[in-house]
>>> print(open('input_18.txt').read())   # compact mmCIF, C-alpha atoms
# COMPACT_ATOMS: atom_id res chain seq x y z
CA MET A 4 74.20 114.88 97.53
CA GLN A 5 72.40 118.13 96.70
CA LYS A 6 74.16 121.23 95.23
CA GLN A 7 72.51 124.63 95.49
CA LEU A 8 73.21 126.77 92.37
CA GLY A 9 71.13 129.92 92.93
CA PHE A 10 71.37 132.93 90.51
CA ASN A 11 73.45 132.44 87.36
CA PRO A 12 74.87 135.82 86.13
CA LYS A 13 75.50 134.35 82.71
CA THR A 14 71.94 133.20 82.10
CA LYS A 15 70.50 135.82 84.45
CA LYS A 16 68.26 133.10 85.90
CA ASN A 17 67.90 131.18 89.14
CA GLU A 18 69.21 127.71 88.44
CA PRO A 19 67.40 124.74 90.14
CA ASN A 20 69.30 122.73 92.68
CA ARG A 21 70.92 119.57 91.37
CA LEU A 22 71.11 116.13 92.96
CA TYR A 23 74.16 113.88 92.56
CA LEU A 24 74.02 110.20 93.47
CA SER A 25 77.14 108.91 95.14
CA LYS A 26 78.36 105.35 94.76
CA LEU A 27 76.97 103.18 97.54
CA ASP A 28 79.32 101.32 99.83
CA VAL A 29 77.99 97.76 99.66
CA LYS A 30 79.25 94.31 100.44
CA ALA A 31 79.62 91.44 98.02
CA THR A 32 76.50 89.78 99.42
CA ASP A 33 74.46 92.91 98.64
CA VAL A 34 75.45 93.09 94.99
CA TYR A 35 71.94 92.29 93.74
CA LEU A 36 70.69 95.58 95.23
CA ARG A 37 72.72 97.52 92.62
CA GLY A 38 70.99 95.83 89.76
CA GLU A 39 74.03 94.10 88.27
CA ASP A 40 73.43 92.57 84.88
CA SER A 41 75.37 89.41 85.53
CA PRO A 42 73.33 86.45 84.25
CA LYS A 43 74.73 84.30 87.02
CA VAL A 44 73.59 86.75 89.68
CA SER A 45 70.17 87.11 88.08
CA GLN A 46 69.76 83.36 87.93
CA THR A 47 70.74 83.01 91.58
CA LEU A 48 68.23 85.65 92.52
CA ALA A 49 65.42 84.00 90.60
CA THR A 50 65.99 80.55 92.06
CA SER A 51 67.22 81.18 95.57
CA GLY A 52 65.82 84.62 96.36
CA THR A 53 62.44 85.59 94.97
CA ALA A 54 61.08 82.06 94.46
CA LYS A 55 61.84 80.83 97.94
CA SER A 56 60.70 84.05 99.55
CA ALA A 57 57.42 83.94 97.68
CA VAL A 58 56.76 80.39 98.86
CA ASN A 59 57.61 81.22 102.47
CA LEU A 60 55.19 84.12 102.47
CA TYR A 61 52.29 81.65 102.25
CA LYS A 62 53.69 79.06 104.61
CA GLU A 63 52.84 79.22 108.30
CA PRO A 64 55.09 77.87 111.04
CA LYS A 65 54.13 74.41 112.25
CA GLU A 66 53.25 75.49 115.79
CA LYS A 67 51.09 78.33 114.53
CA ASP A 68 49.39 75.96 112.12
CA LYS A 69 48.47 73.68 115.01
CA ASP A 70 47.15 76.48 117.18
CA ARG A 71 44.76 77.82 114.59
CA TYR A 72 42.58 74.73 114.93
CA LYS A 73 42.02 75.59 118.59
CA ILE A 74 40.37 78.88 117.76
CA ASP A 75 36.64 79.00 118.62
CA THR A 76 36.72 75.37 119.72
CA GLN A 77 34.55 74.49 122.73
CA LYS A 78 33.97 71.22 124.52
CA LEU A 79 30.45 69.81 124.38
CA ASN A 80 28.43 70.67 127.46
CA PHE A 81 24.76 69.74 127.52
CA SER A 82 24.19 70.60 131.16
CA THR A 83 20.71 71.92 131.90
CA ALA A 84 22.46 75.03 133.21
CA ASN A 85 23.25 75.95 129.60
CA PHE A 86 19.63 75.84 128.40
CA SER A 87 16.53 77.83 129.17
CA PRO A 88 13.52 76.13 130.82
CA ALA A 89 11.66 76.30 127.50
CA GLU A 90 14.52 74.58 125.64
CA ILE A 91 14.78 71.86 128.29
CA GLU A 92 11.04 71.21 128.04
CA ILE A 93 11.30 70.78 124.26
CA GLN A 94 14.25 68.40 124.62
CA ASN A 95 12.50 66.29 127.25
CA ARG A 96 9.28 66.17 125.28
CA ASP A 97 11.08 64.86 122.20
CA LEU A 98 13.04 62.20 124.11
CA VAL A 99 9.99 60.96 126.00
CA LYS A 100 7.80 60.98 122.91
CA HIS A 101 10.22 58.82 120.92
CA ALA A 102 11.41 56.64 123.81
CA ASP A 103 9.45 53.65 122.50
CA GLU A 104 11.54 53.81 119.31
CA PHE A 105 15.11 53.97 120.62
CA LEU A 106 14.75 52.27 124.03
CA THR A 107 13.35 49.09 122.47
CA ASP A 108 15.70 48.88 119.47
CA SER A 109 17.63 45.61 119.86
CA GLU A 110 20.35 46.78 117.44
CA SER A 111 21.15 49.96 119.35
CA GLY A 112 22.57 48.27 122.42
CA TRP A 113 20.24 50.31 124.66
CA GLU A 114 17.28 47.96 124.62
CA VAL A 115 15.19 47.80 127.79
CA PHE A 116 13.10 44.85 128.92
CA LEU A 117 9.70 46.48 128.34
CA GLU A 118 7.92 46.12 125.02
CA PRO A 119 7.38 49.23 122.83
CA GLU A 120 3.72 49.45 123.87
CA ALA A 121 4.74 49.69 127.53
CA ILE A 122 7.34 52.39 126.83
CA GLN A 123 4.76 54.36 124.89
CA LEU A 124 2.42 54.02 127.86
CA LEU A 125 5.08 55.49 130.14
CA SER A 126 5.56 58.41 127.74
CA PHE A 127 1.98 59.46 128.42
CA TRP A 128 2.66 59.73 132.14
CA CYS A 129 6.34 60.65 132.49
CA ARG A 130 7.42 64.12 131.46
CA THR A 131 11.21 63.72 131.54
CA PRO A 132 13.75 61.00 130.72
CA GLN A 133 14.73 61.04 134.41
CA GLN A 134 11.19 60.11 135.44
CA MET A 135 11.12 57.25 132.93
CA ARG A 136 14.48 56.01 134.18
CA ARG A 137 13.25 56.07 137.79
CA PHE A 138 10.03 54.29 136.84
CA ILE A 139 11.91 51.47 135.08
CA GLY A 140 14.33 51.29 138.00
CA ILE A 141 11.46 50.63 140.43
CA ILE A 142 10.31 47.70 138.27
CA LEU A 143 13.84 46.28 138.33
CA ASN A 144 14.03 46.66 142.10
CA ALA A 145 10.77 44.75 142.46
CA LYS A 146 12.17 41.91 140.34
CA TYR A 147 15.38 41.71 142.37
CA ARG A 148 13.42 41.67 145.61
CA VAL A 149 11.27 38.73 144.55
CA GLU A 150 14.37 36.81 143.48
CA LYS A 151 16.20 37.63 146.72
CA ASP A 152 13.29 36.68 148.98
CA HIS A 153 12.96 33.29 147.26
CA LYS A 154 16.53 32.48 146.32
CA ASP A 155 16.30 29.32 148.45
CA ILE A 156 13.99 27.79 145.86
CA GLY A 157 15.83 29.28 142.87
CA VAL A 158 13.39 31.96 141.74
CA ILE A 159 14.58 33.69 138.54
CA ILE A 160 12.49 36.31 136.72
CA PRO A 161 13.65 36.60 133.07
CA LEU A 162 12.38 40.00 132.00
CA ASP A 163 12.97 39.19 128.32
CA ASP A 164 10.45 36.35 128.46
CA GLU A 165 7.96 36.80 125.61
CA GLU A 166 5.03 35.76 127.79
CA LEU A 167 5.99 38.06 130.65
CA LYS A 168 6.40 41.23 128.57
CA PRO A 169 2.70 41.70 127.68
CA LEU A 170 1.77 40.84 131.28
CA MET A 171 3.97 43.69 132.49
CA THR A 172 2.26 46.08 130.07
CA LYS A 173 -1.14 44.96 131.32
CA ALA A 174 -0.02 45.36 134.95
CA LEU A 175 1.18 48.89 134.24
CA ARG A 176 -2.18 49.82 132.76
CA ARG A 177 -3.91 48.47 135.86
CA TYR A 178 -1.50 50.52 137.94
CA PHE A 179 -2.24 53.79 136.11
CA ASN A 180 -5.96 53.03 136.15
CA ALA A 181 -5.80 52.63 139.93
CA LEU A 182 -4.04 55.98 140.22
CA ARG A 183 -6.71 57.75 138.25
CA SER A 184 -9.72 56.02 139.80
CA ASN A 185 -8.47 56.05 143.40
CA GLU A 186 -5.98 58.91 143.33
CA LYS A 187 -6.80 60.33 146.74
CA HIS A 188 -6.28 57.04 148.57
CA ILE A 189 -2.89 56.12 147.04
CA LYS A 190 -0.46 58.18 149.07
CA ASN A 191 2.81 56.94 147.58
CA VAL A 192 2.71 56.14 143.87
CA GLU A 193 6.26 54.69 143.88
CA ASN A 194 5.48 52.20 146.66
CA TYR A 195 2.27 51.25 144.89
CA LEU A 196 4.19 50.58 141.67
CA TYR A 197 6.76 48.53 143.57
CA GLY A 198 4.04 46.37 145.17
CA THR A 199 2.17 45.97 141.88
CA MET A 200 5.23 44.62 140.08
CA GLN A 201 6.25 42.39 143.00
CA ASN A 202 2.83 40.79 142.92
CA LEU A 203 2.98 40.32 139.14
CA PHE A 204 6.40 38.63 139.25
CA GLY A 205 5.33 36.37 142.12
CA VAL A 206 2.17 35.22 140.36
CA TRP A 207 3.99 34.71 137.05
CA TRP A 208 6.75 32.62 138.63
CA ASN A 209 4.24 30.42 140.50
CA LYS A 210 2.45 29.65 137.26
CA GLN A 211 5.73 28.82 135.51
CA ALA A 212 6.83 26.62 138.39
CA ALA A 213 3.47 24.80 138.40
CA ARG A 214 3.70 24.24 134.65
CA GLU A 215 7.23 22.84 134.89
CA TYR A 216 6.27 20.58 137.78
CA ALA A 217 3.30 19.23 135.89
CA ALA A 218 5.50 18.52 132.86
CA LYS A 219 7.92 16.55 135.04
CA HIS A 220 5.19 14.65 136.97
CA PRO A 221 2.38 13.91 134.49
CA GLU A 222 1.18 10.94 136.55
CA GLU A 223 0.23 13.22 139.45
CA GLU A 224 -1.83 15.42 137.16
CA LYS A 225 -3.75 12.39 135.84
CA SER A 226 -4.35 11.21 139.38
CA ALA A 227 -5.72 14.58 140.36
CA ASP A 228 -8.05 14.57 137.34
CA ASN A 229 -9.39 11.13 138.31
CA ASP A 230 -9.98 12.23 141.87
CA ASN A 231 -12.01 15.20 140.72
CA SER A 232 -13.93 13.46 138.00
CA GLY A 233 -16.88 12.68 140.21
CA LEU A 234 -17.41 16.24 141.29
CA TYR A 235 -19.29 17.07 138.13
CA TYR A 236 -21.88 14.31 138.38
>>> encode(input="input_18.txt", output="structure tokens")
Amino acid sequence: MQKQLGFNPKTKKNEPNRLYLSKLDVKATDVYLRGEDSPKVSQTLATSGTAKSAVNLYKEPKEKDKDRYKIDTQKLNFSTANFSPAEIEIQNRDLVKHADEFLTDSESGWEVFLEPEAIQLLSFWCRTPQQMRRFIGIILNAKYRVEKDHKDIGVIIPLDDEELKPLMTKALRRYFNALRSNEKHIKNVENYLYGTMQNLFGVWWNKQAAREYAAKHPEEEKSADNDNSGLYY
């Protein structure tokens, strides 16, 4: 409450206004606001008021705590639509260049049937991983075709055969050589690759079958040698 005094005739001066604080009407639960000196009240304030409030100031609600980890979080999306042509070219170049390292690693679980030398050969001709995948797929299709066409005699082409692998590499070099030396006459490079590998698998299987037959019938081989012995005299 403020009391205006004004001019005092006794002192012949203007007295400043005075402020009087009235007693606040408070409840029992608000007693700490009046600054009571009770030790019990002070202790209660220290342990149940200020301390707990201070801790809660730095504690976030559980739901809010969960949501904060969703901020600026994006799902991985490596679609070509998200990269520039220049970036895609760099990515493809790296994958194709190192394909002979990761595609032939037996411990990676992604091993292909071609030897590292053959994969490196493909990296010189294929510009993208998609082209390499299609190329290898054509070789597989040629294998399956040979097996299907001769399933009545049990033809099986094991692509992991250690003798067949270098033969496939050699056949691929002959294929690329034919493309370069007779490029204008080979109209469909995929069909030419398919035929090249079909021929390789057919020749390889015939040699294996002949070897196995000779091992099982050695007497016929000796007989054939005796029959031909006179040809050289």
>>> atom_distance(input="input_18.txt", atom1="atom CA of Asp163 of chain A", atom2="atom CA of Arg176 of chain A")
19.0 Å
>>> closest_residue(input="input_18.txt", among="A:Asp152, A:Glu118, A:Asn209, A:Glu90", to="Leu170 of chain A", atoms="only C-alpha atoms")
A:Glu118
>>> residues_near_point(input="input_18.txt", point="(11.3, 52.0, 139.0)", cutoff="12 Å", atoms="all atoms listed in the file", output="NGL selection string")
:A and (125 or 129 or 133-147 or 175 or 192-201)
>>> atom_distance(input="input_18.txt", atom1="atom CA of Thr172 of chain A", atom2="atom CA of Phe116 of chain A")
11.0 Å
>>> axis_aligned_box(input="input_18.txt", around="segment 151-159 of chain A", padding_each_side="6 Å", output="JSON")
{"center_x": 14.7, "center_y": 32.7, "center_z": 143.8, "size_x": 15.6, "size_y": 21.8, "size_z": 22.4}
>>> closest_residue(input="input_18.txt", among="A:Phe81, A:Phe86, A:Phe105, A:Trp128", to="Leu182 of chain A", atoms="only C-alpha atoms")
A:Trp128
>>> atom_distance(input="input_18.txt", atom1="atom CA of Trp208 of chain A", atom2="atom CA of Glu166 of chain A")
11.4 Å
